[in-house]
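Structure file run.tsv (TSV, C-alpha atoms) is printed below.
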```tsv
chain	number	residue	atom	x	y	z
X	18	MET	CA	-18.60	-30.70	17.35
X	19	THR	CA	-17.08	-28.80	20.31
X	20	THR	CA	-13.59	-29.59	19.04
X	21	ASN	CA	-14.49	-28.25	15.59
X	22	VAL	CA	-15.80	-24.97	17.08
X	23	SER	CA	-12.69	-24.71	19.25
X	24	ASN	CA	-10.43	-25.21	16.21
X	25	GLU	CA	-12.35	-22.54	14.27
X	26	SER	CA	-12.03	-20.16	17.23
X	27	ASN	CA	-8.27	-20.82	17.39
X	28	ASP	CA	-7.94	-20.19	13.63
X	29	ILE	CA	-9.85	-16.92	13.93
X	30	ASN	CA	-7.68	-15.92	16.90
X	31	LYS	CA	-4.53	-16.62	14.84
X	32	ASN	CA	-5.87	-14.49	11.99
X	33	ILE	CA	-6.74	-11.66	14.36
X	34	ASN	CA	-3.32	-11.85	16.03
X	35	GLY	CA	-1.61	-11.90	12.62
X	36	SER	CA	-3.59	-8.84	11.56
X	37	LEU	CA	-2.67	-7.12	14.82
X	38	VAL	CA	1.05	-7.86	14.29
X	39	VAL	CA	0.88	-6.52	10.72
X	40	GLY	CA	-0.84	-3.38	12.04
X	41	VAL	CA	1.88	-2.81	14.65
X	42	LEU	CA	4.61	-3.35	12.02
X	43	LEU	CA	2.90	-0.85	9.72
X	44	ILE	CA	2.84	1.68	12.57
X	45	ILE	CA	6.58	1.16	13.19
X	46	PHE	CA	7.45	1.43	9.47
X	47	GLY	CA	5.28	4.53	9.17
X	48	ILE	CA	7.10	6.22	12.05
X	49	ILE	CA	10.49	5.34	10.54
X	50	ALA	CA	9.43	6.71	7.13
X	51	ILE	CA	8.24	9.97	8.72
X	52	ALA	CA	11.45	10.32	10.75
X	53	LEU	CA	13.68	9.77	7.69
X	54	PRO	CA	11.69	11.30	4.79
X	55	THR	CA	14.53	11.78	2.28
X	56	ILE	CA	15.71	8.20	2.74
X	57	SER	CA	12.10	6.98	2.52
X	58	THR	CA	11.65	8.91	-0.74
X	59	ILE	CA	14.79	7.41	-2.26
X	60	PHE	CA	13.77	3.96	-1.01
X	61	ALA	CA	10.30	4.28	-2.59
X	62	GLU	CA	11.78	5.47	-5.89
X	63	THR	CA	14.37	2.68	-5.93
X	64	TRP	CA	11.76	0.08	-5.00
X	65	PHE	CA	9.56	1.19	-7.88
X	66	ALA	CA	12.53	1.02	-10.26
X	67	LEU	CA	13.29	-2.54	-9.13
X	68	ILE	CA	9.67	-3.54	-9.66
X	69	LEU	CA	9.71	-2.13	-13.19
X	70	ILE	CA	13.00	-3.82	-14.07
X	71	SER	CA	11.86	-7.16	-12.62
X	72	SER	CA	8.56	-6.92	-14.49
X	73	GLY	CA	10.42	-6.09	-17.68
X	74	PHE	CA	12.63	-9.16	-17.41
X	75	ALA	CA	9.60	-11.33	-16.59
X	76	LYS	CA	7.90	-9.97	-19.74
X	77	LEU	CA	11.08	-10.68	-21.71
X	78	VAL	CA	11.10	-14.31	-20.55
X	79	TYR	CA	7.41	-14.60	-21.39
X	80	ALA	CA	8.02	-13.09	-24.83
X	81	THR	CA	10.76	-15.60	-25.64
X	82	GLN	CA	8.68	-18.53	-24.34
X	83	THR	CA	5.65	-17.55	-26.41
X	84	ARG	CA	7.36	-16.20	-29.53
X	85	ASP	CA	5.55	-18.71	-31.75
X	86	ARG	CA	2.11	-17.45	-30.63
X	87	GLY	CA	2.33	-14.06	-32.28
X	88	GLY	CA	3.04	-10.53	-31.14
X	89	PHE	CA	6.65	-11.31	-30.30
X	90	ILE	CA	7.97	-7.89	-31.36
X	91	TRP	CA	5.32	-6.09	-29.29
X	92	LYS	CA	6.09	-8.23	-26.25
X	93	LEU	CA	9.79	-7.42	-26.69
X	94	LEU	CA	9.06	-3.70	-27.02
X	95	LEU	CA	6.87	-3.78	-23.90
X	96	SER	CA	9.55	-5.56	-21.88
X	97	ALA	CA	12.14	-3.05	-23.14
X	98	LEU	CA	9.88	-0.18	-22.05
X	99	TYR	CA	9.62	-1.60	-18.53
X	100	ILE	CA	13.35	-2.21	-18.25
X	101	ALA	CA	14.29	1.17	-19.73
X	102	THR	CA	11.91	3.03	-17.42
X	103	GLY	CA	13.30	1.22	-14.39
X	104	VAL	CA	16.88	1.91	-15.43
X	105	MET	CA	16.04	5.59	-16.03
X	106	LEU	CA	14.68	5.81	-12.50
X	107	PHE	CA	18.06	4.59	-11.27
X	108	VAL	CA	20.07	6.88	-13.54
X	109	TYR	CA	17.90	9.99	-12.99
X	110	PRO	CA	16.52	9.61	-9.47
X	111	ARG	CA	15.49	13.28	-9.10
X	112	THR	CA	13.30	13.17	-12.19
X	113	GLY	CA	11.96	9.84	-11.02
X	114	ILE	CA	11.12	11.32	-7.64
X	115	LEU	CA	9.23	14.20	-9.27
X	116	THR	CA	7.24	11.82	-11.45
X	117	LEU	CA	6.57	9.36	-8.65
X	118	THR	CA	5.45	12.19	-6.41
X	119	LEU	CA	2.68	13.04	-8.86
X	120	LEU	CA	1.81	9.36	-9.21
X	121	LEU	CA	1.68	9.03	-5.43
X	122	GLY	CA	-0.66	12.01	-5.22
X	123	SER	CA	-3.01	10.31	-7.67
X	124	PHE	CA	-2.71	7.02	-5.81
X	125	LEU	CA	-3.46	8.59	-2.43
X	126	LEU	CA	-6.49	10.40	-3.82
X	127	ALA	CA	-7.81	7.10	-5.21
X	128	GLU	CA	-6.93	5.18	-2.03
X	129	GLY	CA	-8.63	7.79	0.15
X	130	THR	CA	-11.77	7.55	-1.95
X	131	PHE	CA	-11.81	3.75	-1.67
X	132	GLU	CA	-11.15	3.94	2.10
X	133	LEU	CA	-14.14	6.27	2.48
X	134	ILE	CA	-16.34	3.84	0.56
X	135	LEU	CA	-15.04	0.98	2.72
X	136	ALA	CA	-15.66	2.97	5.90
X	137	PHE	CA	-19.31	3.48	5.04
X	138	ARG	CA	-19.60	-0.22	4.15
X	139	LEU	CA	-18.18	-1.07	7.60
X	140	ARG	CA	-20.43	1.49	9.29
X	141	PRO	CA	-22.42	-1.04	11.37
X	142	GLN	CA	-19.18	-2.26	13.00
X	143	GLN	CA	-17.59	-0.66	16.01
X	144	ASN	CA	-14.52	1.48	15.28
X	145	TRP	CA	-15.50	1.99	11.63
X	146	THR	CA	-14.61	5.63	12.16
X	147	TRP	CA	-10.91	4.67	12.18
X	148	VAL	CA	-11.22	3.56	8.57
X	149	LEU	CA	-13.14	6.78	7.85
X	150	ALA	CA	-10.38	8.85	9.45
X	151	ASN	CA	-7.79	6.93	7.42
X	152	GLY	CA	-9.70	7.72	4.22
X	153	ILE	CA	-10.01	11.42	5.03
X	154	ILE	CA	-6.34	11.74	6.01
X	155	THR	CA	-5.25	9.88	2.87
X	156	LEU	CA	-7.34	12.23	0.70
X	157	VAL	CA	-5.81	15.26	2.42
X	158	LEU	CA	-2.31	13.86	1.89
X	159	GLY	CA	-3.00	13.30	-1.81
X	160	ALA	CA	-4.22	16.90	-2.15
X	161	MET	CA	-1.12	18.17	-0.32
X	162	ILE	CA	1.08	16.61	-2.96
X	163	TRP	CA	-0.66	18.47	-5.77
X	164	PHE	CA	-0.39	21.82	-4.00
X	165	GLN	CA	3.26	21.48	-2.93
X	166	TRP	CA	4.74	19.83	-6.02
X	167	PRO	CA	7.59	20.08	-7.14
X	168	PHE	CA	9.26	22.04	-4.34
X	169	ASN	CA	8.78	19.47	-1.61
X	170	ALA	CA	9.15	16.35	-3.77
X	171	PRO	CA	12.46	15.21	-2.22
X	172	TRP	CA	10.92	14.77	1.23
X	173	ILE	CA	7.16	14.79	0.78
X	174	LEU	CA	7.01	11.40	-0.91
X	175	GLY	CA	8.64	9.64	2.04
X	176	THR	CA	6.73	11.66	4.62
X	177	LEU	CA	3.33	11.09	3.05
X	178	VAL	CA	3.95	7.40	2.47
X	179	GLY	CA	4.97	7.18	6.12
X	180	VAL	CA	1.83	8.96	7.33
X	181	SER	CA	-0.38	6.78	5.13
X	182	VAL	CA	1.34	3.60	6.33
X	183	LEU	CA	1.09	4.81	9.95
X	184	PHE	CA	-2.65	5.44	9.76
X	185	THR	CA	-3.25	2.20	7.85
X	186	GLY	CA	-1.48	0.41	10.71
X	187	ILE	CA	-3.54	2.24	13.33
X	188	SER	CA	-6.81	1.41	11.57
X	189	ARG	CA	-5.75	-2.25	11.20
X	190	VAL	CA	-4.84	-2.45	14.90
X	191	MET	CA	-8.17	-0.91	15.92
X	192	LEU	CA	-10.18	-3.26	13.67
X	193	SER	CA	-8.21	-6.26	14.98
X	194	LEU	CA	-8.85	-5.24	18.57
X	195	ASN	CA	-12.53	-4.86	17.72
X	196	ALA	CA	-12.60	-8.35	16.17
X	197	ARG	CA	-10.81	-9.80	19.21
X	198	SER	CA	-13.32	-8.13	21.54
X	199	PHE	CA	-16.22	-9.46	19.46
X	200	LEU	CA	-14.74	-12.97	19.47
X	201	ASN	CA	-14.24	-12.88	23.23
X	202	GLN	CA	-17.84	-11.74	23.72
X	203	SER	CA	-19.20	-14.53	21.50
X	204	ASP	CA	-17.00	-17.12	23.28
X	205	ALA	CA	-18.27	-15.89	26.67
X	206	THR	CA	-21.92	-16.10	25.60
X	207	SER	CA	-21.54	-19.55	24.01
X	208	ALA	CA	-19.78	-21.00	27.08
```
Kindly return the structure encoded in the file as structure tokens.
Amino acid sequence: MTTNVSNESNDINKNINGSLVVGVLLIIFGIIAIALPTISTIFAETWFALILISSGFAKLVYATQTRDRGGFIWKLLLSALYIATGVMLFVYPRTGILTLTLLLGSFLLAEGTFELILAFRLRPQQNWTWVLANGIITLVLGAMIWFQWPFNAPWILGTLVGVSVLFTGISRVMLSLNARSFLNQSDATSA
């Protein structure tokens, strides 16, 4: 029984350490994105284009594999839409950046709302205010996009993604440290 509890404690410690490492990496990536906002913006736009193109080809493969099940033409058209949109993002990156900037604003507003809900769900835990702060900052960043668009689109996308990633990393680090502290306290009381 003691060995089983020890193994569970080691597994929890590994999960906490993994979460802590991810948090630190998010902080580093957030700082890099803030320091190089134009490059971060182009990277985000290119990444989104690659996702669309990859999804389009996956849909194309699915369409050909299931052509005898009906809706083949619609599946082909949908895959073509994905691929064409991704290619257009590559061909017209400025237009893609403008569009993605508005999409990011919507995303950050939704993410901030969900972070606020999560913060109040975590309210009994220590350091829940870090998640609350992350939610508030994310909401403010989303609103900033709407008020500054389109003039700051070339750099704001990368900057705001960087700030969001930075604060997500900070909140993850703080929650991981809280979990580690709680685990150490429970190990000390059970020993």
Edge lengths and centre in Å to one decimal, as lines of an AutoDock Vina configuration file, of the axis-aligned box that encloses all listed atoms of stretch 122-130 of chain X with 8 Å added on every side?
```
center_x = -6.2
center_y = 8.6
center_z = -3.8
size_x = 27.1
size_y = 22.8
size_z = 23.8
```
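With all atoms listed in the file as the atoms that count, the residue of X:Gln165, X:Tyr109, X:Thr116, X:Leu126 with the shortest distance to X:Asn151 is X:Leu126.
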Exercise: X:Asn195 partners within 12 Å, all atoms listed in the file, chain neighbours under 3 positions left out, as JSON, numbers by chain: {"X": [33, 34, 36, 37, 142, 143, 144, 145, 147, 188, 189, 190, 191, 192, 198, 199, 200, 201, 202]}
Long-range neighbours of X:Arg111 as an MDAnalysis selection string, 12 Å cut-off, only C-alpha atoms, 6 positions minimum in chain: chainID X and resid 55 58:59 62:63 105 117:118 167:172 174
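Across the structure, atom CA of X:Phe164 and atom CA of X:Ser181 are spaced 17.6 Å apart.
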Neighbour list for X:Ile100 as a ChimeraX atom specification, cut-off 8 Å, all atoms listed in the file, skip fewer than 2 positions in-chain: /X:69-74,96-98,102-104
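Between atom CA of X:Leu158 and atom CA of X:Leu67 the separation is 25.2 Å.
We find atom CA of X:Pro54 and atom CA of X:Ile173 to be spaced 7.0 Å apart.
Residues in contact range of X:Ile48, defined as at most 10 Å between all atoms listed in the file, with sequence neighbours fewer than 5 positions away removed, read Leu42, Leu43, Leu53, Pro54, Thr176, Gly179, Val180, Val182 and Leu183 of chain X.
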